[in-house]
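structure_31.cif follows; it contains mmCIF, C-alpha atoms.
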```
data_final
loop_
_atom_site.label_atom_id
_atom_site.label_comp_id
_atom_site.auth_asym_id
_atom_site.auth_seq_id
_atom_site.Cartn_x
_atom_site.Cartn_y
_atom_site.Cartn_z
CA HIS D 1 88.30 21.29 -232.69
CA THR D 2 90.06 22.07 -229.56
CA PRO D 3 87.64 21.43 -226.64
CA LYS D 4 86.89 24.42 -224.46
CA PRO D 5 88.04 24.05 -220.91
CA THR D 6 85.23 23.32 -218.46
CA LYS D 7 84.94 25.94 -215.75
CA THR D 8 85.04 24.41 -212.32
CA PRO D 9 82.80 26.46 -210.00
CA THR D 10 84.68 27.96 -207.17
CA GLN D 11 83.13 26.93 -203.91
CA ARG D 12 82.35 29.85 -201.74
CA PRO D 13 83.37 29.45 -198.11
CA THR D 14 80.51 28.48 -195.85
CA VAL D 15 79.92 31.14 -193.25
CA THR D 16 79.20 29.60 -189.91
CA PRO D 17 77.17 32.03 -187.87
CA THR D 18 78.69 32.87 -184.51
CA PRO D 19 76.17 32.18 -181.77
CA THR D 20 75.02 35.28 -180.02
CA ALA D 21 75.63 35.25 -176.29
CA THR D 22 72.39 34.94 -174.39
CA HIS D 23 72.16 37.07 -171.24
CA CYS D 24 70.55 34.86 -168.61
CA ILE D 25 69.77 36.51 -165.28
CA THR D 26 70.19 34.02 -162.51
CA HIS D 27 68.26 34.92 -159.36
CA THR D 28 70.25 34.02 -156.31
CA PRO D 29 67.81 33.01 -153.60
CA LYS D 30 67.99 35.14 -150.49
CA PRO D 31 68.95 33.28 -147.37
CA THR D 32 65.97 32.40 -145.19
CA LYS D 33 66.17 33.89 -141.75
CA THR D 34 65.84 31.29 -139.08
CA PRO D 35 64.06 32.84 -136.11
CA THR D 36 66.11 32.74 -132.98
CA GLN D 37 64.20 30.95 -130.30
CA ARG D 38 64.03 32.88 -127.10
CA PRO D 39 64.65 30.92 -123.95
CA THR D 40 61.45 29.86 -122.24
CA VAL D 41 61.06 31.56 -118.91
CA THR D 42 59.49 29.30 -116.35
CA PRO D 43 57.60 31.41 -113.82
CA THR D 44 58.59 30.79 -110.26
CA SER D 45 55.95 30.00 -107.70
CA THR D 46 54.87 33.07 -105.76
CA ALA D 47 52.42 31.30 -103.47
CA ASP D 48 54.86 31.24 -100.54
CA CYS D 49 54.04 34.76 -99.42
CA THR D 50 51.26 36.43 -97.47
CA PHE D 51 48.49 39.01 -97.89
CA THR D 52 46.81 41.08 -95.20
CA GLN D 53 43.25 40.57 -94.02
CA GLY D 54 42.27 43.72 -95.95
CA PHE D 55 43.39 42.14 -99.21
CA TRP D 56 41.39 38.96 -98.65
CA LYS D 57 38.34 41.00 -97.68
CA ASN D 58 38.49 42.90 -100.98
CA HIS D 59 39.43 39.94 -103.22
CA PRO D 60 37.07 37.06 -102.40
CA GLY D 61 37.53 35.74 -105.94
CA SER D 62 41.12 34.84 -105.05
CA TRP D 63 40.22 32.70 -102.05
CA PRO D 64 41.65 29.17 -102.27
CA VAL D 65 38.87 27.63 -100.15
CA SER D 66 35.09 27.76 -100.04
CA SER D 67 34.74 27.30 -96.28
CA LEU D 68 36.84 27.90 -93.19
CA SER D 69 36.91 26.79 -89.56
CA ILE D 70 37.20 29.56 -86.97
CA GLY D 71 37.11 28.71 -83.29
CA GLY D 72 35.83 25.21 -83.95
CA VAL D 73 32.93 26.44 -86.10
CA ILE D 74 32.85 25.78 -89.84
CA TYR D 75 31.75 28.84 -91.80
CA SER D 76 30.84 29.10 -95.47
CA LYS D 77 32.73 31.53 -97.68
CA ALA D 78 29.86 34.04 -97.53
CA GLN D 79 29.81 33.86 -93.72
CA VAL D 80 33.59 34.28 -93.47
CA LEU D 81 33.39 37.30 -95.75
CA LYS D 82 30.68 38.78 -93.54
CA ILE D 83 32.94 38.34 -90.51
CA LEU D 84 35.75 40.18 -92.32
CA GLN D 85 33.35 42.99 -93.22
CA THR D 86 32.21 43.38 -89.60
CA HIS D 87 33.87 46.31 -87.83
CA PRO D 88 35.42 45.05 -84.57
CA ARG D 89 34.60 48.22 -82.58
CA GLY D 90 37.16 47.17 -80.00
CA ASP D 91 35.88 43.59 -79.72
CA VAL D 92 39.03 41.45 -79.72
CA THR D 93 37.07 38.38 -80.87
CA PHE D 94 36.59 40.02 -84.27
CA ILE D 95 40.08 41.53 -84.29
CA LEU D 96 41.57 38.06 -83.79
CA ALA D 97 39.13 36.38 -86.17
CA HIS D 98 40.12 38.77 -88.99
CA GLN D 99 43.81 37.94 -88.59
CA LEU D 100 43.13 34.22 -88.14
CA ILE D 101 41.05 34.12 -91.33
CA ALA D 102 43.81 35.88 -93.30
CA ALA D 103 46.48 33.55 -91.91
CA LYS D 104 44.50 30.44 -92.84
CA LEU D 105 43.80 31.76 -96.35
CA ASN D 106 47.49 32.56 -96.84
CA ILE D 107 48.49 29.07 -95.73
CA ALA D 108 45.81 27.43 -97.87
CA ARG D 109 47.18 29.39 -100.83
CA GLY D 110 50.69 28.00 -100.24
CA ALA D 111 52.44 30.23 -97.70
CA ASP D 112 54.67 28.50 -95.16
CA GLY D 113 52.85 28.96 -91.88
CA SER D 114 55.19 27.01 -89.63
CA VAL D 115 56.15 30.16 -87.72
CA VAL D 116 52.52 30.65 -86.59
CA ALA D 117 51.30 27.04 -86.52
CA ALA D 118 51.09 26.96 -82.71
CA ALA D 119 49.50 30.42 -82.59
CA ILE D 120 46.77 29.32 -85.01
CA VAL D 121 45.86 26.33 -82.85
CA SER D 122 45.85 28.52 -79.74
CA ALA D 123 43.80 31.25 -81.44
CA ASP D 124 41.19 28.69 -82.51
CA ALA D 125 41.01 27.38 -78.96
CA TRP D 126 40.68 30.92 -77.58
CA LEU D 127 37.85 31.75 -79.98
CA SER D 128 36.06 28.52 -79.09
CA ILE D 129 35.92 29.77 -75.49
CA HIS D 130 35.21 33.39 -76.48
CA PRO D 131 32.76 33.28 -79.41
CA LEU D 132 32.43 36.13 -81.86
CA GLY D 133 30.80 39.14 -80.28
CA SER D 134 31.41 38.06 -76.67
CA LYS D 135 33.72 41.06 -75.95
CA PRO D 136 36.05 39.45 -73.37
CA THR D 137 37.87 41.71 -70.95
CA GLY D 138 40.84 41.56 -68.61
CA LEU D 139 43.56 38.97 -69.10
CA ALA D 140 41.49 37.02 -71.63
CA ARG D 141 41.32 40.12 -73.84
CA SER D 142 45.08 40.67 -73.51
CA ILE D 143 45.82 37.10 -74.60
CA GLY D 144 43.50 37.39 -77.60
CA THR D 145 45.20 40.65 -78.56
CA GLU D 146 48.63 39.01 -78.43
CA TYR D 147 47.47 36.25 -80.77
CA ALA D 148 46.01 38.84 -83.15
CA GLU D 149 49.26 40.86 -83.18
CA LEU D 150 51.34 37.76 -83.91
CA LEU D 151 49.09 36.69 -86.80
CA ASP D 152 49.04 40.27 -88.11
CA ALA D 153 52.86 40.22 -88.22
CA PHE D 154 52.67 37.01 -90.26
CA ASN D 155 50.03 38.34 -92.67
CA SER D 156 51.83 41.65 -93.23
CA GLY D 157 55.17 39.91 -93.89
CA ALA D 158 57.07 40.97 -90.75
CA ILE D 159 57.59 37.28 -89.92
CA GLY D 160 57.28 34.14 -92.03
CA PRO D 161 57.84 34.00 -95.80
CA GLY D 162 57.17 37.71 -96.30
CA HIS D 163 54.49 39.82 -97.93
CA CYS D 164 53.62 39.15 -101.58
CA ASP D 165 55.15 41.55 -104.12
CA GLU D 166 53.07 44.09 -105.98
CA ILE D 167 53.21 41.93 -109.14
CA ASP D 168 51.23 39.27 -107.29
CA ARG D 169 48.46 41.55 -106.04
CA VAL D 170 45.70 39.38 -107.49
CA PRO D 171 46.73 35.73 -107.12
CA ALA D 172 45.03 32.95 -109.02
CA PRO D 173 42.96 30.68 -106.85
CA ALA D 174 44.99 27.78 -105.52
CA PRO D 175 43.67 24.21 -105.31
CA SER D 176 41.68 23.55 -102.19
CA VAL D 177 43.91 21.63 -99.81
CA GLU D 178 43.12 20.83 -96.21
CA PRO D 179 45.95 22.45 -94.21
CA HIS D 180 47.44 20.59 -91.30
CA TRP D 181 46.07 23.10 -88.83
CA GLN D 182 42.50 22.34 -89.93
CA ARG D 183 42.81 18.78 -88.62
CA ASP D 184 44.19 19.99 -85.29
CA ALA D 185 42.26 23.23 -84.79
CA GLY D 186 39.89 21.62 -82.29
CA ARG D 187 42.69 20.67 -79.93
CA PHE D 188 43.31 22.89 -76.96
CA SER D 189 46.87 24.00 -76.28
CA SER D 190 48.08 22.74 -72.91
CA SER D 191 50.00 25.98 -72.48
CA LEU D 192 46.94 28.22 -72.60
CA ARG D 193 46.52 30.30 -69.50
CA LEU D 194 43.11 31.90 -69.69
CA ALA D 195 41.45 33.93 -66.98
CA GLU D 196 37.72 33.32 -67.17
CA ASP D 197 34.90 35.32 -65.67
CA ASP D 198 32.65 33.53 -63.22
CA ASN D 199 29.92 33.32 -65.84
CA ALA D 200 32.16 32.26 -68.73
CA ALA D 201 30.59 29.61 -70.96
CA PHE D 202 32.58 26.75 -72.42
CA ASP D 203 29.99 25.62 -74.92
CA PHE D 204 29.66 27.03 -78.44
CA PRO D 205 26.63 29.35 -78.42
CA SER D 206 25.49 30.53 -81.83
CA SER D 207 25.97 34.25 -82.32
CA PRO D 208 22.78 36.11 -83.35
CA GLN D 209 24.77 37.53 -86.25
CA PHE D 210 25.99 34.14 -87.40
CA PRO D 211 23.42 31.37 -86.77
CA LEU D 212 25.60 28.44 -87.64
CA LYS D 213 25.87 24.75 -87.08
CA HIS D 214 28.77 23.94 -84.78
CA GLY D 215 31.01 21.01 -85.38
CA GLU D 216 34.40 19.54 -84.85
CA LEU D 217 37.05 19.79 -87.56
#
```
Before anything else, please render the file you have as structure tokens.
Amino acid sequence: HTPKPTKTPTQRPTVTPTPTATHCITHTPKPTKTPTQRPTVTPTSTADCTFTQGFWKNHPGSWPVSSLSIGGVIYSKAQVLKILQTHPRGDVTFILAHQLIAAKLNIARGADGSVVAAAIVSADAWLSIHPLGSKPTGLARSIGTEYAELLDAFNSGAIGPGHCDEIDRVPAPAPSVEPHWQRDAGRFSSSLRLAEDDNAAFDFPSSPQFPLKHGEL
């Protein structure tokens, strides 16, 4: 017998599957915005300017002091405010006191008062001789009026550092500092030329409106 040939199985080719492309969505992070820092604005000091006596009368909360010396007499804040609220009615003692109070408050707040430093000392000396309500006449009244006009020019900004701008209408209270004029307010100016009436008094009588304790600064 002739042996039958053995069939050798034909190997089928192995199909290698082609990998399917995977669509991956990559999220690109958005750049973070870095905030631009604005330059810091340092506010400039506005204390070196002046307000009028009317401003101080209407804004007692902005006063930098709680007491004030006028004519050698130390007044409390309430008493000073009452003086400011008193209509002068031609009495130069009140006209001068109003301007002197405003000048001292402006200086205590930080205004440069060098231009009226001598006038403040002289005005204090004049008021120590002519107490509030005494209604001096003649040459004494003229001298008191001149002091009042000079201090008014300072308070309104005509002389000195100038009047405060509108943006500073209500200043924050400044620290209480004893100005240089407060230590010297009791000294009399050697240049004062006062004409006194025959019955002029050189002591410090208490005004009926302001019963106060008198004292040296």
Check your understanding: Counting only C-alpha atoms, which of D:Ala125, D:Ala111, D:Ile74, D:Leu84 gets nearest to His163 in chain D?
Key -> D:Ala111
Check your understanding: Written as an MDAnalysis selection string, what is the full residue list that the PyMOL selection byres ((chain D and resi 147-150) around 9) yields on the file shown?
Key -> chainID D and resid 92 95:100 116 119:120 122:123 142:146 151:155 159
Review point. For this file, the PyMOL selection byres ((chain D and resi 91) around 10) selects which residues, as a list in words?
Key: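 Here the PyMOL selection byres ((chain D and resi 91) around 10) matches His87, Pro88, Arg89, Gly90, Val92, Thr93, Phe94, Ile95, Leu96, Leu132, Gly133, Ser134, Lys135, Pro136, Thr137, Arg141 and Thr145 of chain D.
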Review point. Hey, can you check how far CA of Trp63 in chain D sits from CA of Ile129 in chain D?
Key: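 A separation of 27.1 Å between them.
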Exercise for review: State, in Å with one decimal place, the distance from CA of Gly61 in chain D to CA of Ala102 in chain D.
Suggested key: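 That distance, rounded to one decimal, is 14.1 Å.
Straight-line separation from CA of Val115 in chain D to CA of Ile70 in chain D: 19.0 Å.
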Revision key, fill the gap. Min atom-atom distance to Gly157 in chain D from the set D:Asp48, D:Thr86, D:Val121, D:Val80, counting all atoms listed in the file, belongs to D:Asp48
Check your understanding: Of the candidates D:Pro131, D:Ser66, D:Phe51, D:Gly160, which one gets nearest to Ser114 in chain D if we count only C-alpha atoms?
Key -> D:Gly160
